[in-house]
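To keep things clear, I will list the structure first and then write my remarks on it.
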Protein chains: 2
Amino acid sequence: MIMRPGIRRFGIVALAAASVLSGAPAPAARRKAAAAPAAAPPAIAAEVLSTRSRMDDDLRTLCDEIGGRATGSRAYEAALEWGKEAFRRAKVDSVELESYDAPAKWEGVRAAASVLQPRRFPLRVVSFGNAPSTRGTLMAKLVDAGNGTRSDFDRLGTRARGAIALVRTKPMTSFDDLFAEYLAGPEMLKAAQAGGVAAVLFTSTRPRDLLYRHTITFDGTIIPLPIAQVAREDGLRLARLLERGLDLTVSLEIENQVGGPWKGKNVVAEIRGSEKPDEIVLLGAHLDSWDLGTGALDNGVNCALVVEVARAIASGPRPKRTVRFVLFTGEENGLLGSRGYVAAHEAEMDRYDAVLIHDIGDGRILGYFTDGRPDIHGSLGQALAPVSGWGAAGMNDEAILGTDNFDFLLEGVPNLIANQETARYLADYHAASDTLDKVDMAQARKNAAIAAVAVSGIANAPTRLGRRQSRAEISQVLEKSGIADQMRTYGLWADWESGRRGRR
Amino acid sequence: MIMRPGIRRFGIVALAAASVLSGAPAPAARRKAAAAPAAAPPAIAAEVLSTRSRMDDDLRTLCDEIGGRATGSRAYEAALEWGKEAFRRAKVDSVELESYDAPAKWEGVRAAASVLQPRRFPLRVVSFGNAPSTRGTLMAKLVDAGNGTRSDFDRLGTRARGAIALVRTKPMTSFDDLFAEYLAGPEMLKAAQAGGVAAVLFTSTRPRDLLYRHTITFDGTIIPLPIAQVAREDGLRLARLLERGLDLTVSLEIENQVGGPWKGKNVVAEIRGSEKPDEIVLLGAHLDSWDLGTGALDNGVNCALVVEVARAIASGPRPKRTVRFVLFTGEENGLLGSRGYVAAHEAEMDRYDAVLIHDIGDGRILGYFTDGRPDIHGSLGQALAPVSGWGAAGMNDEAILGTDNFDFLLEGVPNLIANQETARYLADYHAASDTLDKVDMAQARKNAAIAAVAVSGIANAPTRLGRRQSRAEISQVLEKSGIADQMRTYGLWADWESGRRGRR
């Protein structure tokens, strides 16, 4: 302890205030936004920005009252009900829960770990998503598995057998770091299995005791061995103790509820088109979250956005094309809901004008990723023209594997992801700290206004946004974007190659 | 989930990297330090900065192998042994464990809480230090106790009876905020007791799920009712739910080991003076820490500093005056060890030239707080002259209640606290994240060199640093500095006034 008095009558003191992680955008970014020409927003945007918006209440209920909602959990069931109710209040034409096949059911129950030898001290841990339980309490030697690469495990040789392997990490400070973390997962798992370890302790990449939850299987299957994340401070301490040559005995107990194949559900709402009801514009976001936080940025805020856009469209003139609003689930477990949706709706894939996915929290929308489709620039530009004054009409042709656009991309359907500023997203990503207090509601409402303009622009356009691609064209996008390589790493390639997933 | 690929072949992407809390000093601060004239360090400083320094190893052992060391715990016992061994290796003349009276024994065992109604979700909590256990699991309504002031509790009226009171907080971003948190504690407790609440949930002032441990009694006694800190995200969520008018039932289970009066121990080492062995210069730091982290910044790094200064002085010519090195314990519980030391050594208080306390982590030393003694500027300036080129010879007459100088101040003994940059200290203060990875060892060694120069300068000076003050003079310092008011708030005034504590 040292406390410094607030009253200072003797000397001159300049107390250096500690800088804190601020969620607020940098002043420069603010100024830039403010400098954009202030055009009157279109009617649909004005509706979203009006006091009739229900976004705040919807999001507050979802995050605070329902909370973290891992697919399959009781909170997930409540979230499905929330979605139905919210769409009904939005006065859409119809709302249904649609089932999909999920390969396994997973729910985290509890995790505990401690060092037993040479001294006892607790470790703060959480199970990875989709990881199995330990058989009771596992007590084993801790071995240093370096960065968790194949050669790290090879170096351990027979010492790995039956041991708990500590994997070191670098702090995550950028999306590239996060992406590298995901990309390294499959090799780590294979190497750990080959080495015969009993379990893996993965050092959190976030500072200050913060834990988060991911999975490192990408198809919804159960991870082949127990893997827990250990708080960064604890992981670094273990690594130093191992470096000093200490023999550490660690106990690890993970209890997760793991079940076999089951039926997950998506919430699907619709406003039928007045002129071309068979053509579909789909606006989606994932409703599920991991359970440590309350999934406010990932992705509650965009579920509230989808509902709000539905409300705004339903309150105005009927769009020419049908607009479908989907709250997918199972996204965090491996894009299960959107995959299931595409499988169930395979026959209508030719009729999708566009699929728009929002999944980067409350970050300011800069425009949309076209996911490898420079051919749609013209039509997309027309749809986004009303929000170009807000700096929201940018197009980026990067193609992305990692959210619910993916199975639509594999079908050749024009698919867009909102391209949002990411600065406010990373620190709380999948973490216990992803809670409502992090959300900038003013920005979230503005994002909803932009999404409403985009969706209604596409739904009312004289021509379709773009045509469906052939399998050859899709293949080209996958290879050119590097997604093919990622699919190979994540074990998703065989299904595409064999035609079990995506356009044949 | 959204993952963004690292490979981008289509579009132009500028990924905004999230800024992270960096522990490193700002570039400007570095430059300023580097621009100071580079004088050859005195021999004692050179010894500390040599490869013979054991500071790194000493600190690593204390933090990583022993860990968090709440007074009375098993780790505290191990830390006492660490201190004895470290001083022996430093080749001091003597090292002893000296006992003191502690009013109560306290150790945290576990704490758990969750919301039961209207939905179940867990809350992350930790008991306050020196708080009692709940009787089994407490299940009660949660009431909104605002900021925890008397009028907040008054407003609750009879609704407070038997309830669990949620106290809201502002984020802590400066020492003034921290000080305000401490200062508000006693009133909050009295008001909570008067209102008849069963327990208090205090919202963490730190972001991103980070917990820390304090006590809010300042004399080592047990807090009169269970009080737990709840993670900031959880506390804010609870506050929002209460604001919406929801009836929340919360369960809270706190298990702490609480015992009556016992004997704590300090580690006291000595290098006897060659010319004036009866005059004493004391260099101290507190060895205990709270147990969530490993007490690296608060205050392991300064314990290692004290040992290192002992080693450096023992390796050179014997100082003229006796130098005593004390690792106090019970500091976090209410300055118990230093209070006990002063009580036991009351008879020799006239013979203390100076007491130097280090307790602001690894922050760069800017000089010393004189704790209300402008009269010692001349002599202190001479002792610090060799480090003035390092910007370490500043003097600040602020007087401070909050670390082990306090009972020496009450005795009128010249007492100094190292005035250190605080920027790297606050974020991890008393928190689970106060771990070795936060320590800038190069700066810590430089601080040790400065402390060695200061101690050896005072111990070898032709005259004493300053004379002992009379009770009247001490009173004047207490009133003028505002410490008298703080003592009244913290319930420490009666002991001073009655002569049970401090110079009579």
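Each chain of the structure tokens is named A, B, ... in the order shown, its residues numbered from 1; ligands are numbered from 1 in display order.
Copy-to-copy comparison places chain B at a Cα RMSD of 0.1 Å from chain A, following a least-squares fit over all residues.
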Would you kindly return, as a list in words, each protein, DNA or RNA residue with an atom no farther than 8 Å from any atom of Ala111 (chain A), considering only C-alpha atoms and excluding same-chain residues fewer than 2 positions away?
-> Val109, Ala113, Val125, Val126, Ser127, Leu252, Glu253, Ile254 and Glu255 of chain A
Quick one: write out the picked residues with C-alpha atoms as a PDB file, in the first residue's frame?
ATOM      1  CA  VAL A 109     -19.434 -25.529 -16.569  1.00  0.00           C
ATOM      2  CA  ALA A 113      -6.187 -25.199 -11.825  1.00  0.00           C
ATOM      3  CA  VAL A 125      -8.094 -20.673 -16.088  1.00  0.00           C
ATOM      4  CA  VAL A 126     -11.043 -21.163 -18.393  1.00  0.00           C
ATOM      5  CA  SER A 127     -11.739 -24.019 -20.760  1.00  0.00           C
ATOM      6  CA  LEU A 252      -6.298 -29.109 -13.785  1.00  0.00           C
ATOM      7  CA  GLU A 253      -9.985 -29.811 -13.580  1.00  0.00           C
ATOM      8  CA  ILE A 254     -12.259 -28.893 -16.438  1.00  0.00           C
ATOM      9  CA  GLU A 255     -15.935 -29.702 -16.455  1.00  0.00           C
TER      10      GLU A 255
END
Skip region 215-217 of chain B itself and residues of its chain fewer than 6 positions away, then list as a count of residues only all residues within 7 Å of it, counting only C-alpha atoms.
8
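Minimum atom-to-atom distances from B:Ala79, B:Ala452, B:Ala399, B:Ala145 to Lys480 (chain B) were compared using only C-alpha atoms, and the lowest value belongs to B:Ala399.
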Determine, counting only C-alpha atoms, which protein, DNA and RNA residues have an atom within 12 Å of an atom of Gly157 (chain B); residues of the same chain fewer than 4 positions away are not included. Present the result as a VMD selection string.
-> chain B and resid 143 to 145 150 to 153 161 to 163 191 to 192 194 to 197
Selection from above, N, CA and C atoms, as a PDB file, in the first residue's frame, can you write it?
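Once written, result_32.pdb looks like this:
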ATOM      1  N   VAL B 143     -29.695  -4.332  -3.260  1.00  0.00           N
ATOM      2  CA  VAL B 143     -30.220  -2.958  -3.282  1.00  0.00           C
ATOM      3  C   VAL B 143     -29.134  -2.015  -3.776  1.00  0.00           C
ATOM      4  N   ASP B 144     -29.582  -0.936  -4.369  1.00  0.00           N
ATOM      5  CA  ASP B 144     -28.665   0.025  -4.981  1.00  0.00           C
ATOM      6  C   ASP B 144     -28.225   1.053  -3.946  1.00  0.00           C
ATOM      7  N   ALA B 145     -27.012   0.935  -3.479  1.00  0.00           N
ATOM      8  CA  ALA B 145     -26.501   1.860  -2.461  1.00  0.00           C
ATOM      9  C   ALA B 145     -25.716   3.004  -3.083  1.00  0.00           C
ATOM     10  N   ARG B 150     -23.376   8.089   3.214  1.00  0.00           N
ATOM     11  CA  ARG B 150     -24.387   8.054   4.266  1.00  0.00           C
ATOM     12  C   ARG B 150     -25.775   8.342   3.682  1.00  0.00           C
ATOM     13  N   SER B 151     -25.876   9.360   2.836  1.00  0.00           N
ATOM     14  CA  SER B 151     -27.203   9.707   2.323  1.00  0.00           C
ATOM     15  C   SER B 151     -27.714   8.644   1.347  1.00  0.00           C
ATOM     16  N   ASP B 152     -26.809   7.976   0.641  1.00  0.00           N
ATOM     17  CA  ASP B 152     -27.243   6.868  -0.219  1.00  0.00           C
ATOM     18  C   ASP B 152     -27.904   5.770   0.616  1.00  0.00           C
ATOM     19  N   PHE B 153     -27.264   5.420   1.720  1.00  0.00           N
ATOM     20  CA  PHE B 153     -27.831   4.369   2.569  1.00  0.00           C
ATOM     21  C   PHE B 153     -29.110   4.862   3.259  1.00  0.00           C
ATOM     22  N   ARG B 161     -32.180  -3.309   5.208  1.00  0.00           N
ATOM     23  CA  ARG B 161     -32.090  -4.349   6.252  1.00  0.00           C
ATOM     24  C   ARG B 161     -31.961  -5.747   5.651  1.00  0.00           C
ATOM     25  N   GLY B 162     -30.872  -6.403   5.953  1.00  0.00           N
ATOM     26  CA  GLY B 162     -30.683  -7.784   5.506  1.00  0.00           C
ATOM     27  C   GLY B 162     -30.347  -7.929   4.032  1.00  0.00           C
ATOM     28  N   ALA B 163     -30.265  -6.809   3.332  1.00  0.00           N
ATOM     29  CA  ALA B 163     -29.987  -6.860   1.893  1.00  0.00           C
ATOM     30  C   ALA B 163     -28.478  -6.867   1.621  1.00  0.00           C
ATOM     31  N   ALA B 191     -22.136   3.666   7.367  1.00  0.00           N
ATOM     32  CA  ALA B 191     -23.485   3.825   6.817  1.00  0.00           C
ATOM     33  C   ALA B 191     -24.110   2.468   6.529  1.00  0.00           C
ATOM     34  N   ALA B 192     -23.318   1.540   6.014  1.00  0.00           N
ATOM     35  CA  ALA B 192     -23.826   0.198   5.700  1.00  0.00           C
ATOM     36  C   ALA B 192     -24.258  -0.507   6.987  1.00  0.00           C
ATOM     37  N   ALA B 194     -25.116   0.983   9.821  1.00  0.00           N
ATOM     38  CA  ALA B 194     -26.294   1.677  10.350  1.00  0.00           C
ATOM     39  C   ALA B 194     -27.547   1.254   9.585  1.00  0.00           C
ATOM     40  N   GLY B 195     -27.399   1.027   8.278  1.00  0.00           N
ATOM     41  CA  GLY B 195     -28.540   0.614   7.470  1.00  0.00           C
ATOM     42  C   GLY B 195     -28.929  -0.839   7.669  1.00  0.00           C
ATOM     43  N   GLY B 196     -28.060  -1.588   8.311  1.00  0.00           N
ATOM     44  CA  GLY B 196     -28.388  -2.983   8.610  1.00  0.00           C
ATOM     45  C   GLY B 196     -28.228  -3.934   7.437  1.00  0.00           C
ATOM     46  N   VAL B 197     -27.370  -3.571   6.456  1.00  0.00           N
ATOM     47  CA  VAL B 197     -27.189  -4.482   5.328  1.00  0.00           C
ATOM     48  C   VAL B 197     -26.434  -5.725   5.776  1.00  0.00           C
TER      49      VAL B 197
END
Would you mind listing what lies within 12 Å of Asp56 (chain B) as a PDB file with C-alpha atoms, in the first residue's frame, with only C-alpha atoms counted and same-chain residues fewer than 4 positions away left out?
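Printed below is selection_2.pdb as written:
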ATOM      1  CA  VAL B  48      24.637  -1.848  -7.375  1.00  0.00           C
ATOM      2  CA  LEU B  49      24.780  -1.465 -11.133  1.00  0.00           C
ATOM      3  CA  THR B  51      26.898  -7.698 -12.523  1.00  0.00           C
ATOM      4  CA  ARG B  52      27.324  -8.639  -8.859  1.00  0.00           C
ATOM      5  CA  ARG B  60      12.156 -13.445  -9.117  1.00  0.00           C
ATOM      6  CA  THR B  61      12.334 -15.855  -6.234  1.00  0.00           C
ATOM      7  CA  LEU B  62      10.130 -13.694  -4.033  1.00  0.00           C
ATOM      8  CA  CYS B  63       7.458 -13.116  -6.668  1.00  0.00           C
ATOM      9  CA  ASP B  64       7.453 -16.288  -8.725  1.00  0.00           C
ATOM     10  CA  ALA B 296       5.986  -7.427  -7.631  1.00  0.00           C
ATOM     11  CA  GLY B 300       8.629  -6.899  -3.863  1.00  0.00           C
ATOM     12  CA  VAL B 301      10.788  -4.742  -6.086  1.00  0.00           C
ATOM     13  CA  ASN B 302      11.615  -2.458  -3.171  1.00  0.00           C
ATOM     14  CA  CYS B 303      12.332  -5.371  -0.846  1.00  0.00           C
ATOM     15  CA  ALA B 304      14.857  -6.548  -3.403  1.00  0.00           C
ATOM     16  CA  LEU B 305      16.136  -2.956  -3.474  1.00  0.00           C
ATOM     17  CA  VAL B 307      18.538  -6.206   0.193  1.00  0.00           C
ATOM     18  CA  GLU B 308      20.616  -4.969  -2.727  1.00  0.00           C
ATOM     19  CA  LEU B 436       6.988  -9.808 -12.178  1.00  0.00           C
ATOM     20  CA  ASP B 437       6.358  -9.196 -15.862  1.00  0.00           C
ATOM     21  CA  VAL B 439       8.761  -4.755 -13.428  1.00  0.00           C
ATOM     22  CA  ASP B 440      11.310  -2.718 -15.373  1.00  0.00           C
ATOM     23  CA  MET B 441      14.404  -4.262 -13.818  1.00  0.00           C
ATOM     24  CA  ALA B 442      16.817  -1.775 -15.355  1.00  0.00           C
ATOM     25  CA  GLN B 443      14.921   1.054 -13.673  1.00  0.00           C
ATOM     26  CA  ALA B 444      14.644  -0.930 -10.446  1.00  0.00           C
ATOM     27  CA  ARG B 445      18.424  -1.397 -10.331  1.00  0.00           C
ATOM     28  CA  ALA B 448      18.616   0.756  -5.908  1.00  0.00           C
TER      29      ALA B 448
END
Would you mind writing down, as an MDAnalysis selection string, each residue of region 93-233 of chain B that DSSP on the backbone assigns to helix (DSSP H, G or I)?
chainID B and resid 150:160 175:195 232:233
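In this model, the gap between CA of Gly220 (chain B) and CA of Met172 (chain B) comes to 24.4 Å.
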Residue set, region 88-152 of chain A restricted to strand (DSSP E), as an MDAnalysis selection string: chainID A and resid 94:102 105:117 121:123 125:127 138:144
Residues from last step as file, C-alpha atoms, as a compact mmCIF listing (two decimals), in the first residue's frame:
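Just written: part.txt:
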# COMPACT_ATOMS: atom_id res chain seq x y z
CA SER A 94 -43.19 -13.45 -40.43
CA VAL A 95 -40.69 -14.79 -37.96
CA GLU A 96 -39.66 -18.42 -37.51
CA LEU A 97 -37.08 -20.49 -35.70
CA GLU A 98 -35.37 -22.66 -38.30
CA SER A 99 -33.38 -25.72 -37.29
CA TYR A 100 -29.94 -26.79 -38.46
CA ASP A 101 -27.68 -29.73 -37.74
CA ALA A 102 -24.94 -29.08 -35.21
CA LYS A 105 -23.38 -29.71 -28.11
CA TRP A 106 -20.99 -27.89 -25.82
CA GLU A 107 -21.36 -25.84 -22.69
CA GLY A 108 -18.71 -24.73 -20.21
CA VAL A 109 -19.43 -25.53 -16.57
CA ARG A 110 -16.28 -24.79 -14.61
CA ALA A 111 -12.51 -24.92 -14.71
CA ALA A 112 -9.93 -24.80 -11.94
CA ALA A 113 -6.19 -25.20 -11.83
CA SER A 114 -3.34 -24.74 -9.43
CA VAL A 115 0.32 -25.45 -8.98
CA LEU A 116 0.80 -28.15 -6.34
CA GLN A 117 4.58 -28.50 -6.31
CA PHE A 121 -0.68 -21.39 -5.77
CA PRO A 122 -3.87 -21.03 -7.80
CA LEU A 123 -4.00 -20.44 -11.54
CA VAL A 125 -8.09 -20.67 -16.09
CA VAL A 126 -11.04 -21.16 -18.39
CA SER A 127 -11.74 -24.02 -20.76
CA LEU A 138 -5.75 -34.19 -13.77
CA MET A 139 -2.46 -33.97 -11.87
CA ALA A 140 0.62 -33.91 -14.03
CA LYS A 141 4.01 -32.38 -14.61
CA LEU A 142 4.02 -29.11 -16.50
CA VAL A 143 6.25 -29.03 -19.56
CA ASP A 144 7.29 -26.04 -21.63
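The environment of Arg168 (chain A) within 12 Å, counting only C-alpha atoms and disregarding residues fewer than 4 places along the same chain, consists of A:Val143, A:Asp144, A:Ala145, A:Gly146, A:Asn147, A:Gly148, A:Thr149, A:Asp152, A:Glu181, A:Met188, A:Val200, A:Leu201, A:Phe202, A:Thr203, A:Ser204, A:Thr205, A:Gln229, A:Val230, A:Ala231, A:Arg232, A:Glu233, A:Asp234, A:Gly235, A:Leu236, A:Arg237, A:Leu238, A:Ala239, A:Arg240, A:Leu242.
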Preceding selection exported with N, CA and C atoms as an mmCIF file, in the first residue's frame:
data_model
loop_
_atom_site.group_PDB
_atom_site.id
_atom_site.type_symbol
_atom_site.label_atom_id
_atom_site.label_comp_id
_atom_site.auth_asym_id
_atom_site.auth_seq_id
_atom_site.Cartn_x
_atom_site.Cartn_y
_atom_site.Cartn_z
ATOM 1 N N VAL A 143 5.090 -29.123 -18.670
ATOM 2 C CA VAL A 143 6.247 -29.029 -19.565
ATOM 3 C C VAL A 143 6.102 -27.787 -20.445
ATOM 4 N N ASP A 144 7.250 -27.282 -20.867
ATOM 5 C CA ASP A 144 7.287 -26.038 -21.631
ATOM 6 C C ASP A 144 7.161 -26.354 -23.118
ATOM 7 N N ALA A 145 5.996 -26.087 -23.673
ATOM 8 C CA ALA A 145 5.769 -26.378 -25.093
ATOM 9 C C ALA A 145 6.009 -25.149 -25.961
ATOM 10 N N GLY A 146 6.853 -24.241 -25.474
ATOM 11 C CA GLY A 146 7.258 -23.089 -26.280
ATOM 12 C C GLY A 146 6.061 -22.373 -26.872
ATOM 13 N N ASN A 147 6.114 -22.141 -28.170
ATOM 14 C CA ASN A 147 5.012 -21.452 -28.836
ATOM 15 C C ASN A 147 3.956 -22.413 -29.369
ATOM 16 N N GLY A 148 4.122 -23.681 -29.019
ATOM 17 C CA GLY A 148 3.098 -24.654 -29.386
ATOM 18 C C GLY A 148 3.206 -25.151 -30.818
ATOM 19 N N THR A 149 4.372 -24.971 -31.425
ATOM 20 C CA THR A 149 4.544 -25.458 -32.799
ATOM 21 C C THR A 149 4.915 -26.938 -32.767
ATOM 22 N N ASP A 152 8.292 -27.400 -31.386
ATOM 23 C CA ASP A 152 8.314 -27.243 -29.922
ATOM 24 C C ASP A 152 7.919 -28.558 -29.240
ATOM 25 N N GLU A 181 -3.119 -16.186 -34.073
ATOM 26 C CA GLU A 181 -3.500 -17.075 -32.965
ATOM 27 C C GLU A 181 -4.447 -18.168 -33.472
ATOM 28 N N MET A 188 -1.027 -26.662 -33.459
ATOM 29 C CA MET A 188 -0.754 -26.869 -32.041
ATOM 30 C C MET A 188 -1.469 -28.121 -31.538
ATOM 31 N N VAL A 200 -3.484 -29.093 -22.505
ATOM 32 C CA VAL A 200 -2.703 -27.905 -22.867
ATOM 33 C C VAL A 200 -3.182 -26.720 -22.034
ATOM 34 N N LEU A 201 -2.224 -25.967 -21.501
ATOM 35 C CA LEU A 201 -2.512 -24.661 -20.880
ATOM 36 C C LEU A 201 -2.010 -23.596 -21.844
ATOM 37 N N PHE A 202 -2.931 -22.821 -22.373
ATOM 38 C CA PHE A 202 -2.594 -21.800 -23.370
ATOM 39 C C PHE A 202 -2.592 -20.443 -22.681
ATOM 40 N N THR A 203 -1.475 -19.728 -22.766
ATOM 41 C CA THR A 203 -1.361 -18.437 -22.091
ATOM 42 C C THR A 203 -2.236 -17.390 -22.772
ATOM 43 N N SER A 204 -3.070 -16.730 -21.995
ATOM 44 C CA SER A 204 -3.919 -15.660 -22.527
ATOM 45 C C SER A 204 -3.065 -14.616 -23.232
ATOM 46 N N THR A 205 -3.539 -14.141 -24.353
ATOM 47 C CA THR A 205 -2.794 -13.106 -25.073
ATOM 48 C C THR A 205 -3.181 -11.703 -24.610
ATOM 49 N N GLN A 229 -7.296 -21.997 -21.194
ATOM 50 C CA GLN A 229 -6.518 -20.777 -21.244
ATOM 51 C C GLN A 229 -6.149 -20.397 -19.813
ATOM 52 N N VAL A 230 -4.903 -19.978 -19.631
ATOM 53 C CA VAL A 230 -4.467 -19.538 -18.304
ATOM 54 C C VAL A 230 -4.177 -18.039 -18.371
ATOM 55 N N ALA A 231 -4.557 -17.314 -17.335
ATOM 56 C CA ALA A 231 -4.360 -15.861 -17.316
ATOM 57 C C ALA A 231 -2.915 -15.523 -17.679
ATOM 58 N N ARG A 232 -2.735 -14.463 -18.433
ATOM 59 C CA ARG A 232 -1.405 -14.119 -18.942
ATOM 60 C C ARG A 232 -0.374 -14.044 -17.816
ATOM 61 N N GLU A 233 -0.724 -13.389 -16.730
ATOM 62 C CA GLU A 233 0.218 -13.240 -15.620
ATOM 63 C C GLU A 233 0.628 -14.607 -15.069
ATOM 64 N N ASP A 234 -0.330 -15.514 -14.958
ATOM 65 C CA ASP A 234 -0.015 -16.857 -14.464
ATOM 66 C C ASP A 234 0.833 -17.625 -15.468
ATOM 67 N N GLY A 235 0.486 -17.506 -16.746
ATOM 68 C CA GLY A 235 1.239 -18.213 -17.778
ATOM 69 C C GLY A 235 2.695 -17.755 -17.833
ATOM 70 N N LEU A 236 2.896 -16.447 -17.726
ATOM 71 C CA LEU A 236 4.269 -15.919 -17.750
ATOM 72 C C LEU A 236 5.041 -16.388 -16.512
ATOM 73 N N ARG A 237 4.348 -16.438 -15.386
ATOM 74 C CA ARG A 237 5.003 -16.917 -14.156
ATOM 75 C C ARG A 237 5.406 -18.385 -14.305
ATOM 76 N N LEU A 238 4.521 -19.203 -14.839
ATOM 77 C CA LEU A 238 4.841 -20.619 -15.048
ATOM 78 C C LEU A 238 6.027 -20.759 -15.987
ATOM 79 N N ALA A 239 6.022 -19.961 -17.050
ATOM 80 C CA ALA A 239 7.121 -20.042 -18.025
ATOM 81 C C ALA A 239 8.453 -19.692 -17.363
ATOM 82 N N ARG A 240 8.455 -18.673 -16.509
ATOM 83 C CA ARG A 240 9.701 -18.296 -15.834
ATOM 84 C C ARG A 240 10.162 -19.390 -14.877
ATOM 85 N N LEU A 242 9.561 -22.576 -15.131
ATOM 86 C CA LEU A 242 10.096 -23.685 -15.942
ATOM 87 C C LEU A 242 11.491 -23.337 -16.458
#
Using only C-alpha atoms, the shortest atom-to-atom distance to chain B among A:Glu270, A:Glu421, A:Asp247, A:Asp375 belongs to A:Glu421
Practice item. List the neighbours of Val413 (chain A) out to 12 Å using only C-alpha atoms; skip same-chain residues closer than 4 positions along the sequence, and give me the result as a ChimeraX atom specification. Key: /A:280-282,342,346,348-356,370-373,376,405-409,464-471,473-474,502-503
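Restricting the calculation to only C-alpha atoms, the smallest distance between chain B and any of A:Asn415, A:Thr322, A:Thr403, A:Thr169 is found for A:Thr403.
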